[in-house]
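What follows is the content of structure-v7.pdb (PDB, C-alpha atoms).
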```pdb
ATOM      1  CA  MET A   1      -4.622 -39.429  -9.227
ATOM      2  CA  SER A   2      -7.854 -37.464  -9.307
ATOM      3  CA  GLU A   3      -6.595 -35.535  -6.258
ATOM      4  CA  ASN A   4      -3.451 -34.605  -8.222
ATOM      5  CA  ASN A   5      -5.563 -33.501 -11.173
ATOM      6  CA  LYS A   6      -7.692 -31.370  -8.867
ATOM      7  CA  ASN A   7      -4.566 -29.696  -7.436
ATOM      8  CA  ASP A   8      -3.150 -29.100 -10.927
ATOM      9  CA  ASN A   9      -6.428 -27.544 -12.039
ATOM     10  CA  LYS A  10      -6.485 -25.346  -8.961
ATOM     11  CA  GLN A  11      -2.904 -24.181  -9.591
ATOM     12  CA  ASN A  12      -3.578 -23.514 -13.281
ATOM     13  CA  LYS A  13      -6.675 -21.521 -12.362
ATOM     14  CA  LYS A  14      -4.640 -19.504  -9.843
ATOM     15  CA  LYS A  15      -1.893 -18.875 -12.429
ATOM     16  CA  ARG A  16      -4.437 -17.685 -14.985
ATOM     17  CA  SER A  17      -6.226 -15.415 -12.489
ATOM     18  CA  ILE A  18      -2.979 -13.471 -11.936
ATOM     19  CA  TRP A  19      -3.287 -12.199 -15.513
ATOM     20  CA  ILE A  20      -6.944 -11.066 -15.328
ATOM     21  CA  PHE A  21      -6.238  -7.672 -13.751
ATOM     22  CA  PRO A  22      -3.265  -6.632 -15.952
ATOM     23  CA  ALA A  23      -5.105  -7.915 -19.038
ATOM     24  CA  SER A  24      -8.167  -5.803 -18.140
ATOM     25  CA  VAL A  25      -5.987  -2.702 -17.721
ATOM     26  CA  PHE A  26      -4.262  -3.465 -21.022
ATOM     27  CA  ALA A  27      -7.682  -3.742 -22.713
ATOM     28  CA  LEU A  28      -8.581  -0.360 -21.216
ATOM     29  CA  TYR A  29      -5.386   1.076 -22.752
ATOM     30  CA  ILE A  30      -6.353  -0.270 -26.183
ATOM     31  CA  LEU A  31      -9.827   1.266 -25.856
ATOM     32  CA  LEU A  32      -8.433   4.621 -24.718
ATOM     33  CA  PHE A  33      -5.797   4.530 -27.455
ATOM     34  CA  LEU A  34      -8.603   4.437 -30.028
ATOM     35  CA  LEU A  35     -10.229   7.464 -28.352
ATOM     36  CA  ASP A  36      -7.136   9.559 -27.528
ATOM     37  CA  SER A  37      -3.877   8.077 -28.755
ATOM     38  CA  SER A  38      -1.532  10.866 -27.613
ATOM     39  CA  LYS A  39      -2.786  10.884 -24.000
ATOM     40  CA  THR A  40      -2.696   7.080 -23.849
ATOM     41  CA  MET A  41       0.875   7.069 -25.161
ATOM     42  CA  SER A  42       1.932   9.620 -22.543
ATOM     43  CA  ALA A  43       0.292   7.421 -19.861
ATOM     44  CA  LEU A  44       2.300   4.479 -21.184
ATOM     45  CA  THR A  45       5.523   6.528 -21.115
ATOM     46  CA  TYR A  46       4.758   7.573 -17.540
ATOM     47  CA  ALA A  47       4.084   3.930 -16.592
ATOM     48  CA  THR A  48       7.421   2.848 -18.065
ATOM     49  CA  ARG A  49       9.287   5.553 -16.135
ATOM     50  CA  LEU A  50       7.402   4.591 -12.958
ATOM     51  CA  PHE A  51       8.271   0.920 -13.370
ATOM     52  CA  VAL A  52      11.969   1.663 -13.953
ATOM     53  CA  SER A  53      12.016   3.921 -10.881
ATOM     54  CA  ILE A  54      10.723   1.164  -8.575
ATOM     55  CA  ILE A  55      13.170  -1.534  -9.747
ATOM     56  CA  PRO A  56      15.674  -0.717  -6.922
ATOM     57  CA  ILE A  57      12.842  -0.952  -4.374
ATOM     58  CA  LEU A  58      11.787  -4.336  -5.786
ATOM     59  CA  ALA A  59      15.399  -5.535  -5.465
ATOM     60  CA  VAL A  60      15.461  -4.447  -1.804
ATOM     61  CA  VAL A  61      12.171  -6.278  -1.185
ATOM     62  CA  ILE A  62      13.531  -9.516  -2.741
ATOM     63  CA  ILE A  63      16.621  -9.280  -0.504
ATOM     64  CA  PHE A  64      14.436  -8.721   2.576
ATOM     65  CA  MET A  65      12.241 -11.691   1.616
ATOM     66  CA  PHE A  66      15.335 -13.856   1.106
ATOM     67  CA  LEU A  67      16.799 -12.871   4.495
ATOM     68  CA  PHE A  68      13.435 -13.481   6.138
ATOM     69  CA  ASN A  69      13.207 -16.924   4.540
ATOM     70  CA  LEU A  70      16.616 -17.809   6.004
ATOM     71  CA  ILE A  71      15.248 -17.473   9.526
ATOM     72  CA  ASP A  72      14.292 -20.772  11.113
ATOM     73  CA  GLU A  73      10.498 -20.901  11.007
ATOM     74  CA  LYS A  74      10.101 -22.773  14.310
ATOM     75  CA  LYS A  75      12.397 -20.371  16.171
ATOM     76  CA  LEU A  76      10.620 -17.380  14.663
ATOM     77  CA  LYS A  77       7.200 -18.747  15.610
ATOM     78  CA  HIS A  78       8.450 -19.385  19.129
ATOM     79  CA  PHE A  79       9.808 -15.826  19.313
ATOM     80  CA  ILE A  80       6.570 -14.303  17.941
ATOM     81  CA  ASP A  81       4.413 -16.340  20.324
ATOM     82  CA  GLY A  82       6.620 -15.319  23.222
ATOM     83  CA  SER A  83       6.849 -11.593  22.490
ATOM     84  CA  PRO A  84       4.055  -9.202  23.473
ATOM     85  CA  ARG A  85       1.839  -7.884  20.653
ATOM     86  CA  PHE A  86       2.936  -4.357  21.605
ATOM     87  CA  ILE A  87       6.556  -5.135  20.609
ATOM     88  CA  GLN A  88       5.358  -6.443  17.216
ATOM     89  CA  TYR A  89       3.352  -3.264  16.710
ATOM     90  CA  MET A  90       6.295  -1.006  17.554
ATOM     91  CA  ALA A  91       8.707  -2.965  15.337
ATOM     92  CA  MET A  92       6.311  -2.830  12.365
ATOM     93  CA  LEU A  93       5.594   0.853  13.008
ATOM     94  CA  LEU A  94       9.306   1.617  12.803
ATOM     95  CA  LEU A  95       9.844  -0.562   9.713
ATOM     96  CA  GLY A  96       6.819   0.936   7.957
ATOM     97  CA  THR A  97       7.921   4.486   8.677
ATOM     98  CA  LEU A  98      11.418   3.806   7.353
ATOM     99  CA  SER A  99      10.289   1.875   4.253
ATOM    100  CA  HIS A 100      10.413   3.465   0.803
ATOM    101  CA  GLY A 101       8.726   3.044  -2.551
ATOM    102  CA  PRO A 102       5.177   2.162  -3.568
ATOM    103  CA  ILE A 103       2.989   0.159  -1.197
ATOM    104  CA  TYR A 104       2.361  -2.698  -3.675
ATOM    105  CA  ALA A 105       6.090  -3.481  -3.831
ATOM    106  CA  TRP A 106       5.901  -4.516  -0.169
ATOM    107  CA  TYR A 107       2.896  -6.862  -0.420
ATOM    108  CA  PRO A 108       4.962 -10.019  -1.148
ATOM    109  CA  LEU A 109       7.116  -9.422   1.941
ATOM    110  CA  MET A 110       3.991  -8.834   4.029
ATOM    111  CA  LYS A 111       2.602 -12.137   2.721
ATOM    112  CA  GLU A 112       5.780 -13.857   3.980
ATOM    113  CA  PHE A 113       5.247 -12.186   7.363
ATOM    114  CA  MET A 114       1.615 -13.339   7.413
ATOM    115  CA  ASP A 115       2.574 -16.915   6.547
ATOM    116  CA  LYS A 116       5.149 -16.964   9.341
ATOM    117  CA  GLY A 117       2.596 -15.968  11.967
ATOM    118  CA  ILE A 118       3.010 -12.208  12.308
ATOM    119  CA  SER A 119      -0.395 -10.766  13.198
ATOM    120  CA  ASN A 120      -2.651  -9.123  10.600
ATOM    121  CA  GLY A 121      -2.742  -6.008  12.751
ATOM    122  CA  SER A 122       1.046  -5.701  12.693
ATOM    123  CA  ILE A 123       0.989  -5.967   8.901
ATOM    124  CA  ALA A 124      -1.722  -3.308   8.736
ATOM    125  CA  ILE A 125       0.479  -1.084  10.927
ATOM    126  CA  PHE A 126       3.405  -1.494   8.531
ATOM    127  CA  LEU A 127       1.216  -0.634   5.525
ATOM    128  CA  TYR A 128      -0.386   2.337   7.290
ATOM    129  CA  ALA A 129       2.884   3.719   8.664
ATOM    130  CA  ARG A 130       4.209   3.721   5.105
ATOM    131  CA  GLY A 131       1.998   6.778   4.671
ATOM    132  CA  ILE A 132       4.402   8.703   6.881
ATOM    133  CA  LYS A 133       6.969   9.936   4.408
ATOM    134  CA  LEU A 134       9.981  11.005   6.441
ATOM    135  CA  SER A 135      11.967  11.803   3.301
ATOM    136  CA  LEU A 136       9.192  14.162   2.146
ATOM    137  CA  LEU A 137       8.753  15.816   5.545
ATOM    138  CA  PRO A 138      10.744  18.942   4.517
ATOM    139  CA  MET A 139       8.427  19.281   1.508
ATOM    140  CA  LEU A 140       5.331  18.928   3.723
ATOM    141  CA  ILE A 141       6.754  21.613   6.043
ATOM    142  CA  VAL A 142       7.393  23.969   3.094
ATOM    143  CA  TYR A 143       3.831  23.514   1.814
ATOM    144  CA  PHE A 144       1.847  23.451   5.074
ATOM    145  CA  GLY A 145       4.134  24.731   7.852
ATOM    146  CA  PHE A 146       6.145  23.031  10.592
ATOM    147  CA  GLU A 147       3.375  22.880  13.180
ATOM    148  CA  TYR A 148       0.937  21.158  10.801
ATOM    149  CA  ALA A 149       3.548  18.700   9.483
ATOM    150  CA  PHE A 150       4.693  17.771  12.987
ATOM    151  CA  VAL A 151       1.184  17.292  14.414
ATOM    152  CA  LEU A 152       0.007  15.318  11.351
ATOM    153  CA  THR A 153       3.032  12.980  11.536
ATOM    154  CA  VAL A 154       2.578  12.291  15.257
ATOM    155  CA  VAL A 155      -1.188  11.758  14.866
ATOM    156  CA  MET A 156      -0.578   9.351  11.957
ATOM    157  CA  LEU A 157       1.898   7.346  14.059
ATOM    158  CA  PHE A 158      -0.693   7.074  16.805
ATOM    159  CA  PHE A 159      -3.502   6.087  14.427
ATOM    160  CA  SER A 160      -1.281   3.480  12.742
ATOM    161  CA  CYS A 161      -1.320   1.576  16.050
ATOM    162  CA  ILE A 162      -5.072   2.071  16.402
ATOM    163  CA  GLN A 163      -5.565   0.601  12.941
ATOM    164  CA  GLY A 164      -3.408  -2.405  13.792
ATOM    165  CA  PHE A 165      -5.383  -2.963  16.958
ATOM    166  CA  LEU A 166      -8.720  -2.722  15.112
ATOM    167  CA  VAL A 167      -7.571  -5.014  12.285
ATOM    168  CA  ASP A 168      -6.493  -7.619  14.841
ATOM    169  CA  ILE A 169      -9.904  -7.422  16.514
ATOM    170  CA  LEU A 170     -11.843  -7.633  13.231
ATOM    171  CA  MET A 171      -9.643 -10.448  11.862
ATOM    172  CA  LYS A 172      -9.992 -12.501  15.026
ATOM    173  CA  ASN A 173     -10.961 -15.571  13.004
ATOM    174  CA  PRO A 174      -9.105 -15.097   9.740
ATOM    175  CA  PRO A 175      -9.978 -17.525   6.967
ATOM    176  CA  GLN A 176      -7.378 -20.120   5.975
ATOM    177  CA  THR A 177      -5.049 -18.622   3.362
ATOM    178  CA  SER A 178      -4.288 -20.953   0.479
TER     179      SER A 178
ATOM    180  CA  MET B   1      28.704 -26.591   0.738
ATOM    181  CA  ASN B   2      25.228 -27.945   1.475
ATOM    182  CA  ASN B   3      24.418 -24.787   3.399
ATOM    183  CA  LYS B   4      25.442 -22.660   0.414
ATOM    184  CA  LYS B   5      23.340 -24.821  -1.894
ATOM    185  CA  SER B   6      20.286 -24.533   0.330
ATOM    186  CA  LYS B   7      20.720 -20.734   0.477
ATOM    187  CA  ILE B   8      20.777 -20.634  -3.322
ATOM    188  CA  GLN B   9      17.645 -22.787  -3.389
ATOM    189  CA  ILE B  10      15.942 -20.452  -0.909
ATOM    190  CA  PHE B  11      16.927 -17.449  -3.025
ATOM    191  CA  ILE B  12      15.540 -19.084  -6.193
ATOM    192  CA  LYS B  13      12.317 -19.985  -4.370
ATOM    193  CA  THR B  14      12.008 -16.428  -3.012
ATOM    194  CA  SER B  15      12.616 -14.883  -6.437
ATOM    195  CA  LYS B  16      10.079 -17.200  -8.093
ATOM    196  CA  GLY B  17       7.483 -16.342  -5.454
ATOM    197  CA  PHE B  18       8.162 -12.649  -5.926
ATOM    198  CA  LEU B  19       8.111 -12.712  -9.738
ATOM    199  CA  LYS B  20       4.616 -14.237  -9.642
ATOM    200  CA  ASN B  21       3.365 -10.850  -8.397
ATOM    201  CA  ILE B  22       5.003  -8.760 -11.123
ATOM    202  CA  PRO B  23       2.084  -8.936 -13.642
ATOM    203  CA  MET B  24      -0.308  -7.597 -10.991
ATOM    204  CA  MET B  25       2.121  -4.789 -10.092
ATOM    205  CA  ILE B  26       2.462  -3.847 -13.762
ATOM    206  CA  GLY B  27      -1.347  -3.665 -13.907
ATOM    207  CA  VAL B  28      -1.388  -1.237 -10.957
ATOM    208  CA  ILE B  29       1.378   0.910 -12.471
ATOM    209  CA  LEU B  30      -0.499   1.097 -15.780
ATOM    210  CA  LEU B  31      -3.734   2.054 -13.995
ATOM    211  CA  ILE B  32      -2.045   4.738 -11.850
ATOM    212  CA  SER B  33      -0.499   6.208 -15.010
ATOM    213  CA  LEU B  34      -3.903   6.286 -16.744
ATOM    214  CA  ILE B  35      -5.529   8.091 -13.799
ATOM    215  CA  LYS B  36      -2.662  10.578 -13.593
ATOM    216  CA  THR B  37      -2.872  11.351 -17.315
ATOM    217  CA  PHE B  38      -6.638  11.420 -17.803
ATOM    218  CA  VAL B  39      -7.901  12.950 -14.533
ATOM    219  CA  SER B  40      -7.315  16.680 -14.307
ATOM    220  CA  PHE B  41      -6.297  17.439 -10.742
ATOM    221  CA  GLU B  42      -7.453  21.065 -11.077
ATOM    222  CA  THR B  43     -11.048  19.954 -11.611
ATOM    223  CA  ILE B  44     -11.026  17.906  -8.395
ATOM    224  CA  SER B  45     -11.112  21.066  -6.290
ATOM    225  CA  THR B  46     -14.310  22.172  -8.038
ATOM    226  CA  LEU B  47     -16.121  19.081  -6.694
ATOM    227  CA  PHE B  48     -16.041  20.267  -3.082
ATOM    228  CA  ILE B  49     -19.229  21.977  -1.880
ATOM    229  CA  GLY B  50     -18.042  24.122   1.029
ATOM    230  CA  LYS B  51     -19.567  22.134   3.915
ATOM    231  CA  PRO B  52     -16.661  21.054   6.179
ATOM    232  CA  LEU B  53     -17.934  17.598   7.114
ATOM    233  CA  VAL B  54     -19.099  16.652   3.616
ATOM    234  CA  ASP B  55     -15.864  18.049   2.155
ATOM    235  CA  THR B  56     -13.816  16.022   4.648
ATOM    236  CA  ALA B  57     -15.571  12.830   3.523
ATOM    237  CA  LEU B  58     -15.128  13.861  -0.129
ATOM    238  CA  GLY B  59     -11.432  14.546   0.553
ATOM    239  CA  ALA B  60     -11.052  11.037   1.962
ATOM    240  CA  ILE B  61     -12.839   9.506  -1.047
ATOM    241  CA  PHE B  62     -10.837  11.438  -3.667
ATOM    242  CA  GLY B  63      -7.585  10.729  -1.816
ATOM    243  CA  SER B  64      -8.476   7.034  -1.829
ATOM    244  CA  ILE B  65      -9.195   6.950  -5.549
ATOM    245  CA  LEU B  66      -6.180   8.969  -6.673
ATOM    246  CA  ALA B  67      -2.715   7.518  -6.357
ATOM    247  CA  GLY B  68       0.862   8.373  -7.138
ATOM    248  CA  ASN B  69       3.744  10.293  -5.645
ATOM    249  CA  SER B  70       2.878  12.044  -2.373
ATOM    250  CA  ILE B  71       4.412  15.278  -3.694
ATOM    251  CA  ASN B  72       1.467  15.490  -6.114
ATOM    252  CA  SER B  73      -0.944  15.300  -3.179
ATOM    253  CA  TYR B  74       0.877  18.206  -1.467
ATOM    254  CA  ILE B  75       0.626  20.304  -4.631
ATOM    255  CA  ILE B  76      -3.078  19.516  -5.092
ATOM    256  CA  GLY B  77      -3.712  20.035  -1.358
ATOM    257  CA  LYS B  78      -2.092  23.463  -1.514
ATOM    258  CA  GLU B  79      -4.226  24.349  -4.553
ATOM    259  CA  MET B  80      -7.339  23.145  -2.727
ATOM    260  CA  LEU B  81      -6.497  25.378   0.264
ATOM    261  CA  ALA B  82      -5.909  28.339  -2.049
ATOM    262  CA  SER B  83      -9.321  27.819  -3.618
ATOM    263  CA  GLY B  84     -10.996  28.039  -0.206
ATOM    264  CA  ILE B  85     -11.425  24.357   0.692
ATOM    265  CA  SER B  86     -11.068  23.748   4.447
ATOM    266  CA  LEU B  87      -7.855  22.388   5.969
ATOM    267  CA  LEU B  88     -10.008  19.597   7.423
ATOM    268  CA  ALA B  89     -10.926  18.372   3.925
ATOM    269  CA  VAL B  90      -7.396  18.879   2.610
ATOM    270  CA  THR B  91      -5.944  16.836   5.497
ATOM    271  CA  SER B  92      -8.298  13.892   4.950
ATOM    272  CA  PHE B  93      -7.380  14.076   1.244
ATOM    273  CA  LEU B  94      -3.627  14.017   2.026
ATOM    274  CA  VAL B  95      -3.930  11.156   4.526
ATOM    275  CA  ALA B  96      -6.187   9.023   2.308
ATOM    276  CA  TRP B  97      -3.824   9.577  -0.639
ATOM    277  CA  VAL B  98      -0.945   7.890   1.206
ATOM    278  CA  THR B  99      -2.841   5.298   3.241
ATOM    279  CA  VAL B 100      -5.694   4.056   1.021
ATOM    280  CA  GLY B 101      -5.259   2.583  -2.426
ATOM    281  CA  PHE B 102      -8.417   1.713  -4.343
ATOM    282  CA  VAL B 103      -6.231   1.176  -7.413
ATOM    283  CA  GLN B 104      -4.104  -1.367  -5.552
ATOM    284  CA  ILE B 105      -7.020  -3.358  -4.135
ATOM    285  CA  PRO B 106      -6.900  -6.148  -6.791
ATOM    286  CA  VAL B 107      -3.206  -6.773  -6.073
ATOM    287  CA  GLU B 108      -3.536  -6.434  -2.309
ATOM    288  CA  SER B 109      -6.464  -8.846  -2.125
ATOM    289  CA  LYS B 110      -4.729 -11.346  -4.402
ATOM    290  CA  ILE B 111      -1.582 -11.377  -2.253
ATOM    291  CA  LEU B 112      -2.831 -10.625   1.267
ATOM    292  CA  GLY B 113      -6.409 -11.913   1.056
ATOM    293  CA  GLY B 114      -9.757 -10.279   0.300
ATOM    294  CA  ARG B 115     -10.982 -10.020   3.888
ATOM    295  CA  PHE B 116      -7.789  -8.374   5.148
ATOM    296  CA  THR B 117      -7.789  -5.936   2.192
ATOM    297  CA  LEU B 118     -11.428  -4.975   2.690
ATOM    298  CA  ILE B 119     -11.043  -4.413   6.434
ATOM    299  CA  ARG B 120      -7.722  -2.564   6.105
ATOM    300  CA  ASN B 121      -8.847  -0.204   3.348
ATOM    301  CA  SER B 122     -12.268   0.504   4.877
ATOM    302  CA  LEU B 123     -10.637   1.337   8.210
ATOM    303  CA  SER B 124      -8.056   3.484   6.436
ATOM    304  CA  VAL B 125     -10.773   5.628   4.821
ATOM    305  CA  ILE B 126     -12.535   6.103   8.183
ATOM    306  CA  LEU B 127      -9.258   6.791   9.999
ATOM    307  CA  SER B 128      -8.205   9.402   7.434
ATOM    308  CA  ILE B 129     -11.260  11.420   8.553
ATOM    309  CA  CYS B 130     -10.428  10.791  12.242
ATOM    310  CA  ILE B 131      -6.782  11.825  11.688
ATOM    311  CA  SER B 132      -7.919  14.958   9.901
ATOM    312  CA  MET B 133     -10.244  15.942  12.752
ATOM    313  CA  THR B 134      -7.645  15.165  15.446
ATOM    314  CA  THR B 135      -4.907  17.117  13.642
ATOM    315  CA  ILE B 136      -7.065  20.203  13.146
ATOM    316  CA  TRP B 137      -8.347  19.968  16.741
ATOM    317  CA  ILE B 138      -4.763  19.861  18.098
ATOM    318  CA  ILE B 139      -3.576  22.684  15.835
ATOM    319  CA  GLY B 140      -6.606  24.720  16.881
ATOM    320  CA  GLY B 141      -5.628  24.119  20.493
ATOM    321  CA  ILE B 142      -2.009  25.118  19.911
ATOM    322  CA  SER B 143      -2.714  28.346  18.014
TER     323      SER B 143
END
```

Would you write the structure of this file as structure tokens?
Amino acid sequence: MSENNKNDNKQNKKKRSIWIFPASVFALYILLFLLDSSKTMSALTYATRLFVSIIPILAVVIIFMFLFNLIDEKKLKHFIDGSPRFIQYMAMLLLGTLSHGPIYAWYPLMKEFMDKGISNGSIAIFLYARGIKLSLLPMLIVYFGFEYAFVLTVVMLFFSCIQGFLVDILMKNPPQTS
Amino acid sequence: MNNKKSKIQIFIKTSKGFLKNIPMMIGVILLISLIKTFVSFETISTLFIGKPLVDTALGAIFGSILAGNSINSYIIGKEMLASGISLLAVTSFLVAWVTVGFVQIPVESKILGGRFTLIRNSLSVILSICISMTTIWIIGGIS
């Protein structure tokens, strides 16, 4: 009974902590509204537009998470354990490069990956490779030239793998995730 | 029939798990919008001091703090170049902008864990400087 109460308390605490960050930002908005109402309102308008623009990305992420949850966990674990780390890195590098939208929209899917045994380094590779914006490459070329854009993209791909490797080394003994 | 039912249950479970993160994401969006509205990007370029290595580190720090659409970073980067800031500093700024997210740290640590977030973001800041140096070194070699 007391164990159940402890778990309930823990869950309630966790639920409440989710609201601390947005509530703090909201408090900041109220404070800034008192100082400069017009700028704060334009920030709020921008935030609304930003949120609406990422709704399609969020829908894609939910679908990905759903499809990932359909995979048999035991089979997946067996596959991950059996496949070389290099293959994981390359797969996540490709997925990260092709992914769209803001980074925070992808965190829940990455959490699913983590929980199913995909290495921390592979997740770091996905998140780092997201910095390579293939759709914006023409824009980068227009602003900084082809040579610069090409070299920067290739170097970023290479360093994505280095980051994954380093994260895996540094997270050798990751703490238990609740 | 059972299979269909279990798929629906999995979908509901997935959606519930995902929706839990929405308040945190809204917090990040609100914070990004505040930074974009209140921080004048033109004044950022005045903070660089003209020493390549220090400017490269500053570029990485500013790129880590600021967030938003990458197109904005290209525009600011171009302005920085025009005002005489080195390509080395501009590159670390561009790379940090897309790979590091100080604004997103509360959400990232909540979902992916504090230790992972700290290690990933710290490495990303350091690597943005390494990427900048490597890129400029290769371009220097080509031209």

Enumerate, as a PyMOL selection string, the residues matched when the ChimeraX specification (/A :<8) & /B is run on the file above.
chain B and resi 7+10-11+14-15+18+20-21+23-34+36-38+71+74-75+78+95+98-99+104+106-108+111-113+115-116+119-120+123-124+127+131+134-135+138-139

Residues selected by the PyMOL selection byres ((chain B and resi 93) around 7), written as an NGL selection string:
:B and (59-60 or 62-63 or 89-92 or 94-97)

On this file, the PyMOL selection byres ((chain B and resi 48) around 10) gives some set of residues; write that set as number ranges by chain.
B: 43-47, 49-52, 54-59, 80, 84-86, 89

Box for stretch 86-105 of chain A - axis-aligned, 8 Å on each of the six sides, all listed atoms - centre and size in Å to one decimal, as JSON.
```
{"center_x": 6.9, "center_y": -1.0, "center_z": 8.9, "size_x": 25.1, "size_y": 26.9, "size_z": 41.4}
```

Point-to-point distance in Å for atom CA of B:Gly101 and atom CA of A:His100:
16.0 Å

When you draw a straight line from atom CA of A:Arg16 to atom CA of B:Lys110, how long is it in Å?
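Going from atom CA of A:Arg16 over to atom CA of B:Lys110, I get 12.3 Å.
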
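Comparing B:Ile105, B:Leu81, B:Gly68, B:Ile61 by their smallest distance to B:Ile129, the closest is B:Ile61 (using only C-alpha atoms).
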
Could you work out how far atom CA of B:Ser73 lies from atom CA of A:Leu95, giving the answer in Å with one decimal?
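Separating atom CA of A:Leu95 from atom CA of B:Ser73 is a distance of 23.1 Å.
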